[in-house]
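Listing of final.cif; format and content: mmCIF, C-alpha atoms.
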data_query
loop_
_atom_site.label_atom_id
_atom_site.label_comp_id
_atom_site.auth_asym_id
_atom_site.auth_seq_id
_atom_site.Cartn_x
_atom_site.Cartn_y
_atom_site.Cartn_z
CA MET L 1 -19.18 -26.85 50.06
CA LYS L 2 -15.67 -27.51 48.68
CA THR L 3 -17.16 -27.72 45.19
CA ASN L 4 -18.81 -24.31 45.59
CA ILE L 5 -15.54 -22.77 46.83
CA PHE L 6 -13.65 -24.26 43.88
CA ILE L 7 -16.19 -22.91 41.39
CA SER L 8 -16.02 -19.48 43.05
CA GLN L 9 -12.23 -19.49 42.71
CA ILE L 10 -12.48 -20.38 39.03
CA ILE L 11 -14.94 -17.54 38.44
CA VAL L 12 -12.61 -15.07 40.15
CA ILE L 13 -9.62 -16.24 38.11
CA VAL L 14 -11.57 -15.98 34.85
CA PHE L 15 -12.86 -12.53 35.83
CA LEU L 16 -9.36 -11.29 36.66
CA SER L 17 -8.07 -12.72 33.39
CA LEU L 18 -10.74 -10.88 31.45
CA ILE L 19 -9.87 -7.65 33.23
CA SER L 20 -6.21 -8.20 32.44
CA CYS L 21 -6.98 -8.82 28.76
CA ASN L 22 -9.16 -5.74 28.57
CA ASN L 23 -6.47 -3.66 30.21
CA ASN L 24 -3.92 -4.91 27.71
CA LYS L 25 -6.22 -3.90 24.86
CA GLU L 26 -6.70 -0.46 26.38
CA VAL L 27 -2.99 0.19 26.89
CA SER L 28 -1.92 2.90 24.46
CA TYR L 29 1.39 4.53 23.68
CA LYS L 30 2.62 7.96 22.75
CA LEU L 31 5.82 9.66 21.69
CA ARG L 32 7.27 12.00 24.31
CA ILE L 33 9.93 14.59 23.65
CA SER L 34 13.21 13.92 25.40
CA ASN L 35 16.93 14.65 25.26
CA PRO L 36 19.45 14.67 23.67
CA ILE L 37 19.26 16.90 20.59
CA ILE L 38 21.54 16.32 17.62
CA LYS L 39 22.76 19.49 15.89
CA LEU L 40 24.77 19.15 12.70
CA SER L 41 26.74 22.08 11.29
CA LEU L 42 26.15 21.61 7.59
CA ASP L 43 28.57 21.94 4.72
CA LYS L 44 28.04 25.30 3.00
CA THR L 45 26.68 23.70 -0.17
CA THR L 46 24.33 21.26 1.59
CA LYS L 47 20.67 22.22 1.52
CA ILE L 48 18.46 21.11 4.41
CA SER L 49 15.53 20.46 2.07
CA THR L 50 17.35 17.89 -0.07
CA PRO L 51 16.93 14.22 0.87
CA PRO L 52 17.79 11.39 0.72
CA SER L 53 19.47 10.72 4.02
CA CYS L 54 20.13 7.59 6.02
CA LEU L 55 21.96 6.26 9.04
CA TYR L 56 25.14 4.27 8.70
CA LYS L 57 27.14 2.44 11.39
CA ASP L 58 30.68 1.29 10.56
CA THR L 59 32.43 -1.84 11.81
CA ASN L 60 33.75 0.06 14.84
CA GLY L 61 30.25 1.08 15.91
CA THR L 62 30.62 4.72 14.85
CA GLU L 63 27.27 6.14 13.75
CA TYR L 64 26.84 8.58 10.90
CA ILE L 65 23.99 10.55 9.43
CA THR L 66 24.56 10.62 5.67
CA PHE L 67 23.18 13.04 3.11
CA GLN L 68 23.20 13.34 -0.62
CA ASN L 69 24.57 16.69 -1.69
CA SER L 70 22.95 17.00 -5.10
CA ILE L 71 24.90 20.12 -6.03
CA ASN L 72 28.25 18.33 -5.72
CA ASN L 73 26.96 14.83 -6.57
CA GLU L 74 28.37 13.42 -3.34
CA ILE L 75 27.42 11.64 -0.11
CA GLU L 76 28.37 13.42 3.11
CA PHE L 77 29.04 11.55 6.36
CA TYR L 78 28.29 13.42 9.59
CA ASN L 79 29.60 11.80 12.77
CA ILE L 80 26.70 11.69 15.26
CA SER L 81 29.05 11.73 18.25
CA SER L 82 31.04 14.80 17.17
CA GLN L 83 28.08 16.21 15.19
CA LYS L 84 30.51 17.29 12.48
CA LEU L 85 31.13 16.47 8.84
CA GLU L 86 33.82 13.77 8.85
CA PHE L 87 34.26 12.74 5.20
CA LYS L 88 32.64 12.62 1.77
CA ILE L 89 32.30 10.08 -1.02
CA LYS L 90 31.98 11.66 -4.46
CA PRO L 91 31.19 9.32 -7.37
CA GLU L 92 32.41 10.33 -10.79
CA VAL L 93 29.81 11.52 -13.28
CA GLU L 94 31.44 10.32 -16.49
CA GLY L 95 34.19 7.97 -17.63
CA GLN L 96 35.05 4.40 -16.69
CA ASN L 97 33.81 4.91 -13.12
CA GLY L 98 31.02 7.31 -13.98
CA VAL L 99 27.56 6.82 -12.44
CA GLY L 100 25.93 9.99 -13.77
CA PHE L 101 24.13 12.45 -11.55
CA PHE L 102 22.71 10.07 -8.99
CA SER L 103 19.40 10.26 -7.13
CA GLY L 104 19.48 8.03 -4.08
CA TYR L 105 21.80 5.49 -2.55
CA TYR L 106 22.06 2.58 -0.13
CA ILE L 107 25.12 1.91 2.02
CA GLN L 108 25.64 -1.76 2.83
CA ASN L 109 29.19 -0.96 3.91
CA LEU L 110 31.83 1.49 2.67
CA ASP L 111 32.99 -0.94 0.00
CA SER L 112 29.45 -1.75 -1.08
CA ILE L 113 27.49 1.42 -1.88
CA PHE L 114 24.58 1.14 -4.30
CA ILE L 115 23.85 4.25 -6.37
CA THR L 116 20.50 4.79 -8.12
CA ASN L 117 20.28 7.02 -11.18
CA GLY L 118 17.14 8.78 -12.35
CA ASP L 119 18.36 9.03 -15.94
CA ASN L 120 18.14 5.30 -16.62
CA GLU L 121 17.07 2.00 -15.12
CA GLU L 122 20.49 1.17 -13.70
CA ILE L 123 22.07 0.71 -10.27
CA SER L 124 25.81 1.18 -9.80
CA LEU L 125 27.83 -0.55 -7.10
CA ILE L 126 30.86 1.47 -5.93
CA ASP L 127 33.41 1.25 -3.11
CA ARG L 128 34.84 3.95 -0.83
CA ASN L 129 37.36 4.87 -3.53
CA VAL L 130 34.45 5.46 -5.95
CA ILE L 131 35.53 2.58 -8.14
CA VAL L 132 32.57 1.04 -9.96
CA LYS L 133 32.52 -2.65 -9.07
CA ASN L 134 29.38 -3.55 -11.01
CA LYS L 135 26.30 -2.16 -12.71
CA PHE L 136 22.84 -3.68 -12.73
CA ASP L 137 20.38 -2.98 -15.51
CA TYR L 138 16.72 -3.51 -14.58
CA HIS L 139 14.86 -1.85 -17.46
CA GLU L 140 13.27 -5.21 -18.26
CA THR L 141 12.59 -8.41 -16.32
CA LYS L 142 13.42 -11.94 -17.46
CA ASP L 143 9.75 -12.21 -18.48
CA LYS L 144 10.12 -9.13 -20.72
CA HIS L 145 8.11 -6.85 -18.44
CA PRO L 146 9.40 -3.25 -18.67
CA LEU L 147 10.29 -1.53 -15.41
CA LYS L 148 10.61 2.19 -14.72
CA GLU L 149 13.16 4.08 -12.63
CA PHE L 150 13.80 3.40 -8.95
CA TYR L 151 15.27 5.73 -6.31
CA SER L 152 16.73 4.36 -3.10
CA THR L 153 15.55 6.88 -0.50
CA PRO L 154 14.55 6.68 3.18
CA ALA L 155 10.97 6.10 1.96
CA THR L 156 11.87 3.30 -0.47
CA PRO L 157 15.32 2.00 0.44
CA ILE L 158 17.04 -0.92 -1.21
CA SER L 159 16.64 -4.14 0.76
CA ILE L 160 19.09 -7.02 0.36
CA LEU L 161 18.07 -10.61 1.12
CA GLY L 162 20.83 -13.06 0.33
CA ASP L 163 21.92 -12.37 -3.24
CA ASP L 164 18.71 -10.55 -4.14
CA LEU L 165 18.47 -6.77 -4.22
CA TYR L 166 14.85 -5.65 -3.75
CA ILE L 167 13.69 -2.44 -5.44
CA VAL L 168 10.48 -0.43 -5.95
CA PRO L 169 10.10 0.43 -9.66
CA SER L 170 8.04 3.54 -10.35
CA CYS L 171 4.42 3.24 -11.42
CA ASN L 172 3.67 2.83 -15.12
CA ARG L 173 -0.03 2.97 -15.95
CA TRP L 174 0.74 2.32 -19.59
CA ALA L 175 2.20 -1.13 -18.95
CA LYS L 176 0.07 -4.26 -18.82
CA VAL L 177 2.11 -5.49 -15.86
CA ASN L 178 2.66 -2.73 -13.30
CA PRO L 179 4.47 -4.31 -10.32
CA VAL L 180 5.19 -2.44 -7.11
CA ALA L 181 8.24 -4.57 -6.35
CA ALA L 182 11.03 -6.41 -8.13
CA TYR L 183 14.41 -7.88 -7.32
CA ILE L 184 17.80 -8.17 -9.00
CA ASN L 185 20.00 -11.17 -8.32
CA ILE L 186 23.46 -9.63 -7.94
CA LYS L 187 25.17 -12.91 -8.82
CA THR L 188 23.33 -13.70 -12.04
CA ASP L 189 21.95 -10.23 -13.01
CA LYS L 190 18.53 -11.87 -13.36
CA VAL L 191 15.68 -9.37 -12.85
CA CYS L 192 12.31 -10.61 -11.60
CA ASP L 193 9.14 -8.73 -10.73
CA PHE L 194 6.32 -9.60 -8.37
CA SER L 195 3.39 -9.36 -10.75
CA SER L 196 1.09 -10.64 -8.00
CA PHE L 197 1.37 -7.21 -6.38
CA GLN L 198 0.37 -4.43 -8.77
CA TYR L 199 0.11 -0.71 -8.13
CA PRO L 200 -3.41 -0.04 -6.79
CA LYS L 201 -5.88 2.09 -8.71
CA PHE L 202 -7.40 4.95 -6.76
CA PRO L 203 -10.90 6.16 -7.74
CA GLY L 204 -10.71 9.75 -8.94
CA ALA L 205 -7.04 9.44 -9.93
CA ASN L 206 -7.35 7.67 -13.25
CA ASN L 207 -5.92 10.19 -15.68
CA LYS L 208 -4.60 7.95 -18.45
CA MET L 209 -2.69 10.86 -20.00
CA LYS L 210 -0.03 10.44 -17.31
CA ARG L 211 2.35 7.54 -16.82
CA ALA L 212 1.87 7.83 -13.04
CA GLY L 213 -0.01 9.98 -10.58
CA VAL L 214 -0.66 9.56 -6.88
CA GLU L 215 0.21 5.84 -7.02
CA ASP L 216 3.89 6.75 -6.71
CA HIS L 217 3.26 8.47 -3.39
CA MET L 218 4.18 5.59 -1.11
CA SER L 219 6.82 4.05 1.12
CA ARG L 220 8.18 0.61 1.90
CA CYS L 221 9.97 -0.73 4.96
CA PHE L 222 11.28 -4.19 5.82
CA ASP L 223 11.10 -5.66 9.33
CA GLY L 224 13.36 -8.63 8.70
CA LYS L 225 10.49 -10.93 7.74
CA ARG L 226 7.94 -8.85 5.86
CA PHE L 227 7.74 -5.91 3.49
CA ILE L 228 5.26 -3.22 4.54
CA TYR L 229 3.85 -0.84 1.93
CA SER L 230 2.11 2.40 2.89
CA PHE L 231 0.37 4.23 0.04
CA HIS L 232 -0.33 7.84 0.92
CA PHE L 233 -3.91 7.75 -0.37
CA ASP L 234 -4.97 4.46 1.16
CA GLU L 235 -6.02 3.83 4.77
CA ASP L 236 -4.83 0.25 4.44
CA ILE L 237 -1.25 -0.90 4.48
CA TYR L 238 -0.04 -3.98 2.57
CA VAL L 239 2.08 -6.55 4.37
CA CYS L 240 3.90 -8.93 2.04
CA SER L 241 6.06 -12.00 2.41
CA PRO L 242 9.50 -11.70 0.69
CA ASN L 243 8.20 -13.53 -2.38
CA HIS L 244 5.08 -11.31 -2.33
CA ASN L 245 2.78 -14.30 -2.75
CA ASN L 246 1.23 -13.73 0.66
CA ILE L 247 -0.29 -10.25 0.84
CA LYS L 248 -2.41 -9.03 3.75
CA ARG L 249 -4.16 -5.70 4.20
CA TYR L 250 -4.53 -3.91 7.52
CA LYS L 251 -6.47 -0.73 8.17
CA ILE L 252 -4.14 1.76 9.86
CA LYS L 253 -6.41 4.78 10.26
CA SER L 254 -5.64 8.08 11.94
CA LYS L 255 -8.19 9.32 14.43
CA TYR L 256 -7.60 12.79 12.98
CA ILE L 257 -8.52 11.86 9.39
CA ASN L 258 -12.15 11.11 8.61
CA LYS L 259 -11.48 10.23 4.98
CA VAL L 260 -8.52 10.50 2.64
CA LYS L 261 -9.00 12.96 -0.20
CA ILE L 262 -7.53 12.04 -3.57
CA LEU L 263 -5.39 14.82 -5.02
CA ASN L 264 -6.42 16.28 -8.35
CA ASP L 265 -4.52 14.24 -10.91
CA TYR L 266 -4.93 16.60 -13.86
CA GLY L 267 -2.18 19.09 -13.09
CA ASN L 268 -4.39 21.86 -11.70
CA LEU L 269 -3.45 21.37 -8.06
CA THR L 270 -1.60 24.15 -6.27
CA PRO L 271 1.11 23.45 -3.66
CA GLU L 272 -1.10 25.12 -1.06
CA GLU L 273 -3.93 22.68 -1.79
CA ALA L 274 -1.55 19.74 -1.67
CA CYS L 275 -0.10 20.65 1.73
CA CYS L 276 -3.59 21.07 3.23
CA ASN L 277 -4.91 17.75 1.91
CA PRO L 278 -5.84 14.87 4.29
CA ASN L 279 -3.71 11.82 3.48
CA TYR L 280 -1.04 9.54 4.89
CA GLY L 281 2.74 9.63 4.66
CA ASN L 282 5.67 7.28 5.05
CA MET L 283 5.86 4.30 7.38
CA ILE L 284 9.07 3.27 9.13
CA TYR L 285 10.02 0.30 11.28
CA ASP L 286 11.52 0.61 14.78
CA LYS L 287 13.49 -2.61 15.29
CA TYR L 288 14.45 -1.70 18.84
CA ARG L 289 10.85 -1.51 20.06
CA ASN L 290 9.30 -3.76 17.39
CA VAL L 291 6.74 -1.17 16.34
CA TYR L 292 5.96 0.82 13.20
CA TYR L 293 5.35 4.56 12.80
CA ARG L 294 2.97 5.78 10.12
CA ILE L 295 2.79 9.50 9.37
CA ALA L 296 -0.64 11.09 8.89
CA TYR L 297 -1.49 14.53 7.56
CA PRO L 298 -4.95 15.69 8.70
CA ALA L 299 -6.83 18.32 6.69
CA THR L 300 -5.83 21.88 7.52
CA SER L 301 -5.51 25.39 6.15
CA ILE L 302 -2.50 27.65 6.01
CA GLU L 303 -2.07 31.36 6.53
CA LYS L 304 -1.63 33.67 3.53
CA ASP L 305 1.97 34.44 4.47
CA LYS L 306 2.93 30.72 4.26
CA LYS L 307 4.07 29.11 1.00
CA GLY L 308 2.79 25.67 0.12
CA ILE L 309 5.86 24.67 -1.87
CA GLU L 310 8.06 25.30 1.18
CA LEU L 311 5.77 23.39 3.51
CA LEU L 312 5.81 20.38 1.20
CA MET L 313 9.61 20.34 1.38
CA TYR L 314 9.79 20.96 5.11
CA GLY L 315 7.15 18.62 6.48
CA ARG L 316 3.76 20.32 6.10
CA LYS L 317 2.10 22.52 8.73
CA PHE L 318 1.63 19.66 11.18
CA PHE L 319 1.30 15.90 11.24
CA SER L 320 0.64 12.97 13.56
CA ILE L 321 2.45 9.67 13.95
CA ILE L 322 0.37 6.49 14.29
CA ILE L 323 2.02 3.83 16.45
CA VAL L 324 1.44 0.25 15.27
CA ASP L 325 2.41 -2.96 17.06
CA SER L 326 3.95 -6.09 15.51
CA ASN L 327 0.47 -7.54 14.83
CA PHE L 328 -0.53 -4.34 13.03
CA ASN L 329 -2.84 -3.04 15.71
CA VAL L 330 -2.95 0.71 16.26
CA ILE L 331 -1.73 1.26 19.83
CA GLY L 332 -1.43 5.03 19.90
CA GLU L 333 -1.14 8.26 17.94
CA THR L 334 0.81 11.43 18.72
CA MET L 335 0.00 14.81 17.21
CA PHE L 336 2.83 17.27 16.63
CA PRO L 337 2.50 21.08 16.90
CA ASP L 338 2.16 23.52 14.01
CA TYR L 339 5.23 24.68 12.09
CA THR L 340 7.69 22.91 14.35
CA TYR L 341 8.93 19.59 12.92
CA ASN L 342 9.94 18.24 9.53
CA SER L 343 8.29 14.90 8.79
CA ASN L 344 10.65 14.35 5.84
CA PHE L 345 13.63 13.87 8.19
CA MET L 346 13.35 11.23 10.87
CA PHE L 347 15.24 8.09 11.80
CA VAL L 348 15.32 5.41 14.50
CA ARG L 349 18.18 4.78 16.92
CA LYS L 350 18.48 2.52 19.92
CA ASP L 351 17.46 5.31 22.30
CA GLY L 352 14.41 6.53 20.38
CA LEU L 353 12.88 8.17 17.33
CA TYR L 354 14.66 11.29 16.08
CA ILE L 355 12.65 13.94 14.23
CA SER L 356 14.10 17.07 12.67
CA ASP L 357 12.77 20.38 13.97
CA ASN L 358 13.96 22.17 10.82
CA ASN L 359 10.53 23.26 9.70
CA CYS L 360 11.09 26.41 7.63
CA TYR L 361 8.53 28.30 9.75
CA ASN L 362 9.97 27.21 13.09
CA PRO L 363 11.34 30.36 14.82
CA HIS L 364 14.55 28.43 15.57
CA TYR L 365 15.09 27.37 11.96
CA SER L 366 18.58 27.76 10.53
CA ASP L 367 19.95 27.04 7.05
CA ASP L 368 23.32 26.17 8.58
CA VAL L 369 22.29 23.70 11.27
CA LEU L 370 20.22 20.55 10.89
CA SER L 371 18.87 19.47 14.25
CA PHE L 372 17.00 16.40 15.45
CA VAL L 373 14.93 16.02 18.60
CA ARG L 374 14.67 12.63 20.32
CA PHE L 375 11.27 11.15 21.20
CA GLU L 376 10.69 8.23 23.54
CA LEU L 377 7.94 5.65 23.09
CA ILE L 378 6.07 5.44 26.41
CA LYS L 379 2.80 4.10 27.76
CA LYS L 380 0.15 6.72 28.40
#
For the file at hand, write its structure as structure tokens.
Amino acid sequence: MKTNIFISQIIVIVFLSLISCNNNKEVSYKLRISNPIIKLSLDKTTKISTPPSCLYKDTNGTEYITFQNSINNEIEFYNISSQKLEFKIKPEVEGQNGVGFFSGYYIQNLDSIFITNGDNEEISLIDRNVIVKNKFDYHETKDKHPLKEFYSTPATPISILGDDLYIVPSCNRWAKVNPVAAYINIKTDKVCDFSSFQYPKFPGANNKMKRAGVEDHMSRCFDGKRFIYSFHFDEDIYVCSPNHNNIKRYKIKSKYINKVKILNDYGNLTPEEACCNPNYGNMIYDKYRNVYYRIAYPATSIEKDKKGIELLMYGRKFFSIIIVDSNFNVIGETMFPDYTYNSNFMFVRKDGLYISDNNCYNPHYSDDVLSFVRFELIKK
């Protein structure tokens, strides 16, 4: 009798464990709108549509949203607490401390600001007084592999591991070695590429008359241990060890996209067609909740009074955000309403994910104010 009771107890425990496991697998998450809202009164020459932008926290814990003002060739620092422009850093264009007209930047601290320049394969290191402390040339690796230009933006920011500065050189179909990633040792100036990880080739986008096509449409984030690459025309993401010798693929598919459509790579595509195309967007890491957010753009159509070129700048008509856990399982997906948010402007803070609602067709849109709405990650 005791044996039968013991066996019955074991069966119950196993059954409850299975239920618990199944429940854990079924748990899904969503992003829910919440307060507060950040509203920045922009400098008169700052355009809302011009990235890059990034967060910066100083040694006192003060948080800033920073923007590149391309017109004035400067970086603007907006205090999140006061929601006002606090100061600017304006690198010189020419001369001993000239960096040219820059396109992208990375702020390690105010005395270590890396400036990327689209005119050449060079990164300048400046301080808060815009004194050039060093310049790093990466046009060629130590193995004589040519590299193309790199822009440090929110989609492909510089990552620094020890003395190595990790970059994402642009695609070059004409080169025999076409690496997605490379690094510059800031102590020795040695440039190395990761030839084990080449730009993927997408069927239907193989126009050899161009140096690059849709391959350049991608993002990279770093979670402290791994680099995660999200190509906009690939359902899979690529998770790489820092040395890029260990590369794993994970399918991160939107439930709203049946199949990605490759954009016409022969120059006949209109902006309207591009902003209606089903494909994926950038992927960012949320270190506070240990999850990833991948943007997805389902197929759609736009009204005749809407301009495709504007929608491409201001975040498309609508989009969803796929929520991915630390093991790269999809644990939820949130769809956002039409003509409301700008998927090009979002960032993570301790209290949630902030997404700009400066879509050009949002009734509340303003050229003078850049606003961000906070979203919480919650269980359904």
### Message
Distance cut-off 12 Å, centre (9.7, -3.6, 21.6) in file coordinates, counting only C-alpha atoms: which residues qualify? Return them as a list in words.
### Response
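Selection result: Tyr29, Tyr285, Asp286, Lys287, Tyr288, Arg289, Asn290, Val291, Tyr292, Ile323, Val324, Asp325, Ser326, Lys350, Asp351, Gly352, Leu377 and Ile378 of chain L.
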### Message
Residue by residue, what does the PyMOL selection byres ((chain L and resi 217) around 8) grab here? Present the result as an MDAnalysis selection string.
### Response
chainID L and resid 214:216 218:219 231:233
### Message
Measuring between all atoms listed in the file, which one of L:Val191, L:Pro179, L:Asp43, L:Ile113 shows the shortest distance to L:Asp143?
### Response
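When distances to L:Asp143 are compared using all atoms listed in the file, the smallest one comes from L:Val191.
The residue that comes closest to L:Tyr250, out of L:Tyr354, L:Phe102, L:Tyr280, L:Tyr229 and on the basis of all atoms listed in the file, is L:Tyr229.
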### Task
Compile the contact shell of stretch 151-165 of chain L as a PyMOL selection string: residues with an atom at most 7 Å away, counting all atoms listed in the file, same-chain residues fewer than 6 positions apart removed.
chain L and resi 52-54+103-106+116+183-187+219-220+282
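Going from atom CA of L:Phe347 over to atom CA of L:Phe375, you cover 10.7 Å.
Picture a line from atom CA of L:Lys379 to atom CA of L:Ser320; it runs 16.9 Å.
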### Query
How would you write, as a list in words, the residues chosen by the PyMOL selection byres ((chain L and resi 42) around 12) on this structure?
Lys39, Leu40, Ser41, Asp43, Lys44, Thr45, Thr46, Lys47, Ile48, Ile65, Thr66, Phe67, Asn69, Glu76, Phe77, Tyr78, Asn79, Gln83, Lys84, Leu85, Glu86, Ser366, Asp367, Asp368, Val369, Leu370 and Ser371 of chain L
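Among L:Asp234, L:Asp137, L:Asp223, L:Asp189, the residue with the shortest atom-to-atom distance to L:Ile257, counting all atoms listed in the file, is L:Asp234.
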### Task
May I ask which of the residues L:Val177, L:Cys275, L:Ile321, L:Leu110 is the closest one to L:Glu303, counting all atoms listed in the file?
L:Cys275
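Computed from the coordinates, the atom CA of L:Gly95 to atom CA of L:His139 distance equals 21.7 Å.
The result of the PyMOL selection byres ((chain L and resi 127) around 7) on the shown file is Leu110, Asp111, Ser112, Ile113, Ile126, Arg128, Asn129, Val130, Ile131 and Val132 of chain L.
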Can you write stretch 188-201 of chain L from the block above with N, CA, C and O atoms, as a PDB file, in the first residue's frame?
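Wrote result06.pdb, looks like this:
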ATOM      1  N   THR L 188      48.003  49.662 -30.613  1.00  0.00           N
ATOM      2  CA  THR L 188      48.994  49.339 -31.651  1.00  0.00           C
ATOM      3  C   THR L 188      48.597  49.806 -33.047  1.00  0.00           C
ATOM      4  O   THR L 188      49.403  49.726 -33.975  1.00  0.00           O
ATOM      5  N   ASP L 189      47.331  50.266 -33.213  1.00  0.00           N
ATOM      6  CA  ASP L 189      46.780  50.654 -34.522  1.00  0.00           C
ATOM      7  C   ASP L 189      46.616  49.464 -35.469  1.00  0.00           C
ATOM      8  O   ASP L 189      46.341  49.641 -36.656  1.00  0.00           O
ATOM      9  N   LYS L 190      46.768  48.261 -34.976  1.00  0.00           N
ATOM     10  CA  LYS L 190      46.597  47.066 -35.806  1.00  0.00           C
ATOM     11  C   LYS L 190      45.114  46.894 -36.145  1.00  0.00           C
ATOM     12  O   LYS L 190      44.256  46.995 -35.272  1.00  0.00           O
ATOM     13  N   VAL L 191      44.823  46.635 -37.422  1.00  0.00           N
ATOM     14  CA  VAL L 191      43.444  46.441 -37.883  1.00  0.00           C
ATOM     15  C   VAL L 191      43.274  44.999 -38.321  1.00  0.00           C
ATOM     16  O   VAL L 191      44.023  44.494 -39.160  1.00  0.00           O
ATOM     17  N   CYS L 192      42.291  44.324 -37.742  1.00  0.00           N
ATOM     18  CA  CYS L 192      42.017  42.918 -38.078  1.00  0.00           C
ATOM     19  C   CYS L 192      40.557  42.767 -38.453  1.00  0.00           C
ATOM     20  O   CYS L 192      39.685  43.438 -37.893  1.00  0.00           O
ATOM     21  N   ASP L 193      40.293  41.890 -39.409  1.00  0.00           N
ATOM     22  CA  ASP L 193      38.904  41.603 -39.774  1.00  0.00           C
ATOM     23  C   ASP L 193      38.552  40.189 -39.354  1.00  0.00           C
ATOM     24  O   ASP L 193      39.420  39.366 -39.065  1.00  0.00           O
ATOM     25  N   PHE L 194      37.255  39.918 -39.332  1.00  0.00           N
ATOM     26  CA  PHE L 194      36.761  38.578 -39.012  1.00  0.00           C
ATOM     27  C   PHE L 194      36.263  37.946 -40.310  1.00  0.00           C
ATOM     28  O   PHE L 194      35.078  37.988 -40.631  1.00  0.00           O
ATOM     29  N   SER L 195      37.205  37.395 -41.069  1.00  0.00           N
ATOM     30  CA  SER L 195      36.864  36.859 -42.380  1.00  0.00           C
ATOM     31  C   SER L 195      35.988  35.618 -42.291  1.00  0.00           C
ATOM     32  O   SER L 195      35.422  35.176 -43.287  1.00  0.00           O
ATOM     33  N   SER L 196      35.846  35.064 -41.076  1.00  0.00           N
ATOM     34  CA  SER L 196      34.963  33.910 -40.896  1.00  0.00           C
ATOM     35  C   SER L 196      33.491  34.307 -40.998  1.00  0.00           C
ATOM     36  O   SER L 196      32.625  33.449 -41.169  1.00  0.00           O
ATOM     37  N   PHE L 197      33.227  35.607 -40.895  1.00  0.00           N
ATOM     38  CA  PHE L 197      31.842  36.085 -40.955  1.00  0.00           C
ATOM     39  C   PHE L 197      31.726  37.096 -42.098  1.00  0.00           C
ATOM     40  O   PHE L 197      32.064  38.260 -41.955  1.00  0.00           O
ATOM     41  N   GLN L 198      31.255  36.612 -43.244  1.00  0.00           N
ATOM     42  CA  GLN L 198      31.134  37.443 -44.438  1.00  0.00           C
ATOM     43  C   GLN L 198      29.698  37.951 -44.593  1.00  0.00           C
ATOM     44  O   GLN L 198      28.751  37.361 -44.080  1.00  0.00           O
ATOM     45  N   TYR L 199      29.568  39.047 -45.326  1.00  0.00           N
ATOM     46  CA  TYR L 199      28.221  39.534 -45.632  1.00  0.00           C
ATOM     47  C   TYR L 199      27.446  38.451 -46.389  1.00  0.00           C
ATOM     48  O   TYR L 199      27.965  37.873 -47.352  1.00  0.00           O
ATOM     49  N   PRO L 200      26.213  38.164 -45.960  1.00  0.00           N
ATOM     50  CA  PRO L 200      25.438  37.115 -46.643  1.00  0.00           C
ATOM     51  C   PRO L 200      24.991  37.572 -48.024  1.00  0.00           C
ATOM     52  O   PRO L 200      24.886  38.767 -48.297  1.00  0.00           O
ATOM     53  N   LYS L 201      24.740  36.598 -48.891  1.00  0.00           N
ATOM     54  CA  LYS L 201      24.223  36.878 -50.221  1.00  0.00           C
ATOM     55  C   LYS L 201      22.748  36.531 -50.246  1.00  0.00           C
ATOM     56  O   LYS L 201      22.357  35.416 -49.908  1.00  0.00           O
TER      57      LYS L 201
END
